[in-house]
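Coordinates as given in coords_5.tsv (TSV, C-alpha atoms):
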```tsv
chain	number	residue	atom	x	y	z
A	1	MET	CA	6.99	152.98	108.13
A	2	LEU	CA	5.88	155.44	110.82
A	3	ASP	CA	5.09	159.01	109.78
A	4	LYS	CA	6.19	162.14	111.64
A	5	ASP	CA	3.05	162.32	113.81
A	6	GLN	CA	3.25	158.64	114.76
A	7	ILE	CA	6.93	159.00	115.67
A	8	ALA	CA	6.19	162.01	117.89
A	9	ALA	CA	3.26	160.26	119.57
A	10	ALA	CA	5.25	157.07	120.23
A	11	SER	CA	8.12	159.03	121.77
A	12	GLN	CA	5.69	160.95	123.99
A	13	VAL	CA	4.26	157.69	125.33
A	14	LEU	CA	7.72	156.34	126.16
A	15	VAL	CA	8.87	159.60	127.77
A	16	ARG	CA	5.75	159.68	129.96
A	17	HIS	CA	6.38	156.14	131.21
A	18	TRP	CA	10.07	156.96	131.77
A	19	ARG	CA	9.20	160.03	133.87
A	20	ASP	CA	6.47	158.21	135.81
A	21	GLY	CA	8.53	155.07	136.39
A	22	SER	CA	5.65	153.07	134.93
A	23	LYS	CA	5.50	150.29	132.35
A	24	LEU	CA	3.44	149.42	129.28
A	25	ASP	CA	2.83	146.10	127.55
A	26	ALA	CA	3.51	147.50	124.07
A	27	LEU	CA	3.01	150.61	122.01
A	28	GLU	CA	-0.40	150.77	120.35
A	29	PRO	CA	-0.31	149.15	116.88
A	30	PRO	CA	-0.48	152.48	114.96
A	31	LEU	CA	2.54	153.75	116.94
A	32	ARG	CA	4.54	150.54	117.06
A	33	PRO	CA	7.85	150.58	115.14
A	34	GLN	CA	8.21	147.69	112.71
A	35	SER	CA	11.86	148.12	111.77
A	36	ARG	CA	15.16	149.29	113.22
A	37	ALA	CA	14.78	152.51	111.20
A	38	ASP	CA	11.38	153.16	112.82
A	39	GLY	CA	12.84	152.40	116.23
A	40	TYR	CA	15.70	154.84	115.80
A	41	ALA	CA	13.30	157.53	114.50
A	42	VAL	CA	11.27	157.25	117.71
A	43	GLN	CA	14.45	157.21	119.80
A	44	THR	CA	15.68	160.41	118.15
A	45	ALA	CA	12.43	162.11	119.13
A	46	LEU	CA	12.99	161.29	122.83
A	47	GLY	CA	15.18	164.38	123.26
A	48	ASP	CA	18.49	166.00	122.50
A	49	ARG	CA	20.05	166.15	125.99
A	50	VAL	CA	22.65	163.60	124.91
A	51	PHE	CA	25.60	162.88	127.21
A	52	GLY	CA	26.71	159.97	125.08
A	53	TRP	CA	25.76	156.58	123.70
A	54	LYS	CA	25.29	153.05	124.96
A	55	ILE	CA	25.31	149.72	123.21
A	56	ALA	CA	22.87	147.08	124.38
A	57	ALA	CA	23.45	143.39	123.75
A	58	THR	CA	27.14	143.32	122.85
A	59	SER	CA	27.52	140.01	124.69
A	60	GLU	CA	25.71	136.70	124.25
A	61	ALA	CA	24.38	137.07	127.80
A	62	GLY	CA	23.11	140.57	127.04
A	63	GLN	CA	21.41	139.38	123.86
A	64	LYS	CA	19.68	136.57	125.73
A	65	HIS	CA	18.64	138.99	128.49
A	66	ILE	CA	16.54	141.09	126.09
A	67	ASN	CA	16.01	138.40	123.41
A	68	VAL	CA	17.65	140.09	120.43
A	69	ALA	CA	20.09	138.78	117.83
A	70	GLY	CA	22.62	141.61	117.93
A	71	PRO	CA	23.62	145.01	119.30
A	72	LEU	CA	21.35	148.05	119.64
A	73	ALA	CA	22.43	151.68	120.07
A	74	GLY	CA	20.84	154.04	122.59
A	75	ARG	CA	21.27	157.55	123.94
A	76	ILE	CA	22.60	158.31	127.43
A	77	MET	CA	20.69	161.42	128.52
A	78	ARG	CA	22.39	164.01	130.71
A	79	ASP	CA	19.85	163.73	133.52
A	80	THR	CA	20.48	159.98	133.90
A	81	VAL	CA	24.20	160.24	134.75
A	82	ILE	CA	25.19	159.51	138.35
A	83	ALA	CA	28.53	160.55	139.85
A	84	ASP	CA	31.07	157.83	140.57
A	85	GLY	CA	30.42	156.59	144.13
A	86	GLY	CA	26.93	158.10	144.09
A	87	THR	CA	23.53	156.56	144.75
A	88	ALA	CA	21.09	155.22	142.18
A	89	SER	CA	17.38	154.97	142.90
A	90	MET	CA	15.72	151.61	142.33
A	91	LYS	CA	12.30	153.26	141.90
A	92	GLY	CA	10.54	151.97	138.82
A	93	ASN	CA	13.46	149.72	137.87
A	94	ALA	CA	12.17	146.34	136.73
A	95	MET	CA	15.34	144.93	135.16
A	96	ARG	CA	17.30	145.44	138.40
A	97	VAL	CA	20.75	144.56	137.07
A	98	GLY	CA	24.14	146.25	137.03
A	99	GLU	CA	26.66	146.00	134.22
A	100	PRO	CA	30.44	146.75	134.30
A	101	GLU	CA	31.56	148.43	131.07
A	102	PHE	CA	34.51	149.92	129.21
A	103	CYS	CA	33.61	153.49	128.20
A	104	PHE	CA	35.34	155.80	125.73
A	105	ARG	CA	35.10	159.60	125.54
A	106	MET	CA	35.52	161.04	122.06
A	107	GLY	CA	38.15	163.68	121.38
A	108	ARG	CA	36.88	164.73	117.97
A	109	ASP	CA	33.79	164.34	115.80
A	110	LEU	CA	33.14	161.36	113.56
A	111	ALA	CA	30.70	162.62	110.94
A	112	PRO	CA	28.60	160.44	108.63
A	113	ARG	CA	30.33	159.37	105.41
A	114	PRO	CA	29.69	156.77	102.71
A	115	SER	CA	32.38	154.29	103.81
A	116	PRO	CA	32.56	152.57	107.22
A	117	TYR	CA	35.06	153.72	109.82
A	118	SER	CA	37.80	151.24	110.71
A	119	VAL	CA	38.56	150.38	114.32
A	120	ASP	CA	41.86	152.27	114.07
A	121	GLU	CA	40.14	155.39	112.70
A	122	VAL	CA	37.63	155.39	115.53
A	123	LEU	CA	40.30	154.83	118.18
A	124	ALA	CA	42.30	157.73	116.77
A	125	ALA	CA	39.31	159.97	117.54
A	126	VAL	CA	39.11	158.85	121.20
A	127	ASP	CA	40.30	161.14	123.99
A	128	SER	CA	40.07	158.89	127.06
A	129	LEU	CA	39.02	155.52	128.46
A	130	HIS	CA	36.87	155.24	131.61
A	131	PRO	CA	35.52	152.44	133.80
A	132	ALA	CA	31.74	152.63	133.95
A	133	ILE	CA	28.58	150.97	135.23
A	134	GLU	CA	25.33	150.85	133.34
A	135	ILE	CA	22.01	150.28	135.10
A	136	PRO	CA	19.60	149.43	132.28
A	137	ASP	CA	15.82	149.23	132.33
A	138	SER	CA	12.93	149.13	129.90
A	139	ARG	CA	9.60	150.90	129.75
A	140	PHE	CA	8.07	147.60	128.60
A	141	THR	CA	6.67	145.18	131.16
A	142	ASP	CA	7.98	142.16	129.25
A	143	PHE	CA	11.13	143.55	127.66
A	144	ALA	CA	12.22	140.07	126.56
A	145	SER	CA	9.30	139.87	124.12
A	146	ALA	CA	9.16	143.53	123.02
A	147	GLY	CA	11.38	142.94	119.98
A	148	GLU	CA	14.35	144.92	118.72
A	149	ALA	CA	12.36	147.71	117.00
A	150	GLN	CA	10.46	148.60	120.17
A	151	LEU	CA	13.57	148.23	122.33
A	152	ILE	CA	15.48	150.61	120.06
A	153	ALA	CA	12.59	153.08	120.36
A	154	ASP	CA	12.83	152.57	124.12
A	155	ASN	CA	16.39	153.92	123.93
A	156	ALA	CA	17.93	150.44	123.88
A	157	CYS	CA	16.98	149.98	127.55
A	158	ALA	CA	18.97	153.02	128.73
A	159	HIS	CA	18.16	154.04	132.30
A	160	LEU	CA	21.02	155.17	134.60
A	161	PHE	CA	24.75	155.44	134.01
A	162	VAL	CA	27.84	155.87	136.23
A	163	LEU	CA	31.06	157.21	134.72
A	164	GLY	CA	34.38	156.66	136.44
A	165	ALA	CA	37.44	158.88	136.11
A	166	ALA	CA	39.51	158.78	132.94
A	167	THR	CA	42.30	156.25	133.30
A	168	SER	CA	45.88	157.47	133.49
A	169	ALA	CA	47.14	154.10	132.21
A	170	ASN	CA	48.39	153.70	128.65
A	171	TRP	CA	45.27	151.84	127.59
A	172	ARG	CA	46.11	152.08	123.90
A	173	ALA	CA	49.05	149.72	124.47
A	174	MET	CA	46.88	147.20	126.36
A	175	ASP	CA	44.95	144.21	125.08
A	176	LEU	CA	41.47	145.14	126.30
A	177	VAL	CA	40.21	141.75	125.11
A	178	GLU	CA	42.00	140.07	128.00
A	179	GLU	CA	41.20	142.64	130.69
A	180	ARG	CA	39.25	141.04	133.54
A	181	PRO	CA	37.45	143.62	135.71
A	182	GLN	CA	36.49	142.36	139.17
A	183	ILE	CA	33.03	143.16	140.47
A	184	THR	CA	32.23	143.12	144.18
A	185	LEU	CA	28.56	142.80	145.13
A	186	ARG	CA	27.02	141.66	148.45
A	187	GLY	CA	30.32	140.15	149.57
A	188	GLU	CA	30.73	138.09	146.39
A	189	ARG	CA	33.34	138.64	143.70
A	190	TYR	CA	32.72	138.19	139.99
A	191	VAL	CA	35.18	138.45	137.10
A	192	GLY	CA	34.31	140.06	133.79
A	193	HIS	CA	36.19	139.65	130.52
A	194	GLY	CA	36.88	142.16	127.79
A	195	LYS	CA	36.23	139.56	125.10
A	196	ASN	CA	32.56	139.43	126.16
A	197	VAL	CA	32.05	142.86	124.52
A	198	LEU	CA	31.59	141.93	120.84
A	199	GLY	CA	34.91	140.13	121.14
A	200	ASP	CA	36.73	143.41	121.91
A	201	PRO	CA	35.47	146.69	123.45
A	202	ARG	CA	37.27	148.58	120.67
A	203	VAL	CA	35.30	146.67	118.06
A	204	ALA	CA	32.10	147.56	119.91
A	205	LEU	CA	33.09	151.24	119.86
A	206	ALA	CA	33.62	151.09	116.10
A	207	TRP	CA	30.27	149.33	115.70
A	208	LEU	CA	28.56	152.26	117.45
A	209	ALA	CA	30.35	154.83	115.31
A	210	ASN	CA	29.24	153.02	112.17
A	211	GLU	CA	25.68	152.48	113.41
A	212	LEU	CA	25.41	156.26	113.87
A	213	ARG	CA	27.10	156.83	110.51
A	214	GLY	CA	24.40	154.75	108.87
A	215	LEU	CA	21.74	156.84	110.61
A	216	GLY	CA	23.29	160.11	109.48
A	217	ILE	CA	24.28	161.04	113.06
A	218	THR	CA	27.62	162.57	114.06
A	219	LEU	CA	29.41	161.01	117.04
A	220	ARG	CA	30.59	164.23	118.67
A	221	ALA	CA	33.70	165.21	120.60
A	222	GLY	CA	32.99	165.10	124.33
A	223	GLU	CA	30.34	162.39	124.03
A	224	VAL	CA	30.97	159.03	125.71
A	225	VAL	CA	30.34	155.57	124.33
A	226	THR	CA	29.82	152.79	126.84
A	227	THR	CA	30.40	149.54	125.05
A	228	GLY	CA	28.24	146.94	126.80
A	229	THR	CA	28.64	144.66	129.75
A	230	CYS	CA	31.77	142.57	130.13
A	231	HIS	CA	30.00	140.25	132.61
A	232	PRO	CA	26.50	138.74	132.48
A	233	PRO	CA	24.08	141.28	134.02
A	234	LEU	CA	24.22	140.99	137.83
A	235	PRO	CA	21.01	141.23	139.91
A	236	ILE	CA	20.89	144.26	142.23
A	237	GLN	CA	18.60	145.46	145.00
A	238	ALA	CA	18.20	148.45	147.29
A	239	GLY	CA	21.05	148.62	149.80
A	240	ASP	CA	23.61	147.06	147.49
A	241	HIS	CA	27.04	148.54	146.79
A	242	PHE	CA	28.24	147.64	143.28
A	243	ALA	CA	32.00	148.19	142.86
A	244	VAL	CA	34.18	147.38	139.88
A	245	ASP	CA	37.97	147.20	139.92
A	246	PHE	CA	39.38	147.55	136.40
A	247	GLY	CA	42.96	147.13	137.67
A	248	VAL	CA	45.35	149.73	136.28
A	249	LEU	CA	42.42	151.26	134.36
A	250	GLY	CA	40.76	152.43	137.59
A	251	ASN	CA	37.67	151.84	139.68
A	252	VAL	CA	34.00	152.79	139.64
A	253	SER	CA	31.16	152.19	142.08
A	254	VAL	CA	27.53	152.98	142.88
A	255	ARG	CA	25.09	152.35	145.72
A	256	PHE	CA	21.42	151.52	145.31
A	257	ALA	CA	18.57	152.94	147.35
```
The structure in this file should be written as structure tokens.
Amino acid sequence: MLDKDQIAAASQVLVRHWRDGSKLDALEPPLRPQSRADGYAVQTALGDRVFGWKIAATSEAGQKHINVAGPLAGRIMRDTVIADGGTASMKGNAMRVGEPEFCFRMGRDLAPRPSPYSVDEVLAAVDSLHPAIEIPDSRFTDFASAGEAQLIADNACAHLFVLGAATSANWRAMDLVEERPQITLRGERYVGHGKNVLGDPRVALAWLANELRGLGITLRAGEVVTTGTCHPPLPIQAGDHFAVDFGVLGNVSVRFA
């Protein structure tokens, strides 16, 4: 298990590569997390400018993309959020994929407690539902072989995030499992599926709340939770316009430069 100094040093290495847009093969052995707990300890040390939370690898395609067996939680930092319809820089981005996602904004805190939160309890704490786009990346050159502990330390491949407007539709009465957002990219159309997100975006949201609960972290009112891609990650490049139509739930888009 990493000690306090090793955790601080590992986080400093990752932050430096994030700021420089550079990559590393792996953290040095003395700084390398060996467990999920180590990974989350390093992630916590990355900073407290938290806009919300992301879940990596909630779909089979997402798990294959980064070679992990299950979901990972990461922080969305305030300085990585791009306005809907804005422009995202491709500088330093090695993953180069866009992901359409269902995103929830919390209306009240969910504090740590001994027993898990049910899906219904978590949904009762939600204020609004938003269409969103995540643009992930890793500080590791070969993210597919970095392993889950290092990827968690690397903020679960968080990079840039686009939040659409809160939907005015009665989303609570809808079956999000069968929602099929349509993505338009380079003149092609792709169709996502709500069931790709841990079987149900609402289940993914509850997973995140309980992952934080287990870490002793409060999911706070005002924070967002983006639940993972509902379509296999789509390759992007400079000059692209990535637009997602979530039907009655709204739209979200971003350009890449």
Residues near stretch 35-45 of chain A, cut-off 6 Å, all atoms listed in the file, skip fewer than 5 positions along chain, as an mmCIF file with C-alpha atoms, keeping the file's coordinate frame:
```cif
data_model
loop_
_atom_site.group_PDB
_atom_site.id
_atom_site.type_symbol
_atom_site.label_atom_id
_atom_site.label_comp_id
_atom_site.auth_asym_id
_atom_site.auth_seq_id
_atom_site.Cartn_x
_atom_site.Cartn_y
_atom_site.Cartn_z
ATOM 1 C CA ILE A 7 6.930 159.000 115.670
ATOM 2 C CA SER A 11 8.120 159.030 121.770
ATOM 3 C CA ALA A 149 12.360 147.710 117.000
ATOM 4 C CA GLN A 150 10.460 148.600 120.170
ATOM 5 C CA ILE A 152 15.480 150.610 120.060
ATOM 6 C CA ALA A 153 12.590 153.080 120.360
ATOM 7 C CA ASN A 155 16.390 153.920 123.930
#
```
Requested in this report: Between atom CA of A:Pro114 and atom CA of A:Gly216, measure the distance and give it in Å to one decimal.
Outcome: 9.9 Å
With all atoms of stretch 231-245 of chain A from the file as input, state the centre and edge lengths in Å to one decimal of the axis-aligned box that has 6 Å extra on each side, as lines of an AutoDock Vina configuration file.
```
center_x = 28.1
center_y = 143.7
center_z = 141.1
size_x = 31.8
size_y = 21.9
size_z = 29.3
```
Query raised in the report: A:Ala8, A:Ile236, A:Met90, A:Leu198: which is nearest A:Leu72, counting all atoms listed in the file?
Result: A:Leu198
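Comparing the minimum interatomic distances between A:Ala111 and each of A:Ser138, A:Asn210, A:Thr218, A:Thr87, counting all atoms listed in the file, we find that A:Thr218 sits nearest.
Distances here use only C-alpha atoms; by that measure, the residue among A:Leu212, A:Val225, A:Leu176, A:Val119 closest to A:Gly52 is A:Val225.
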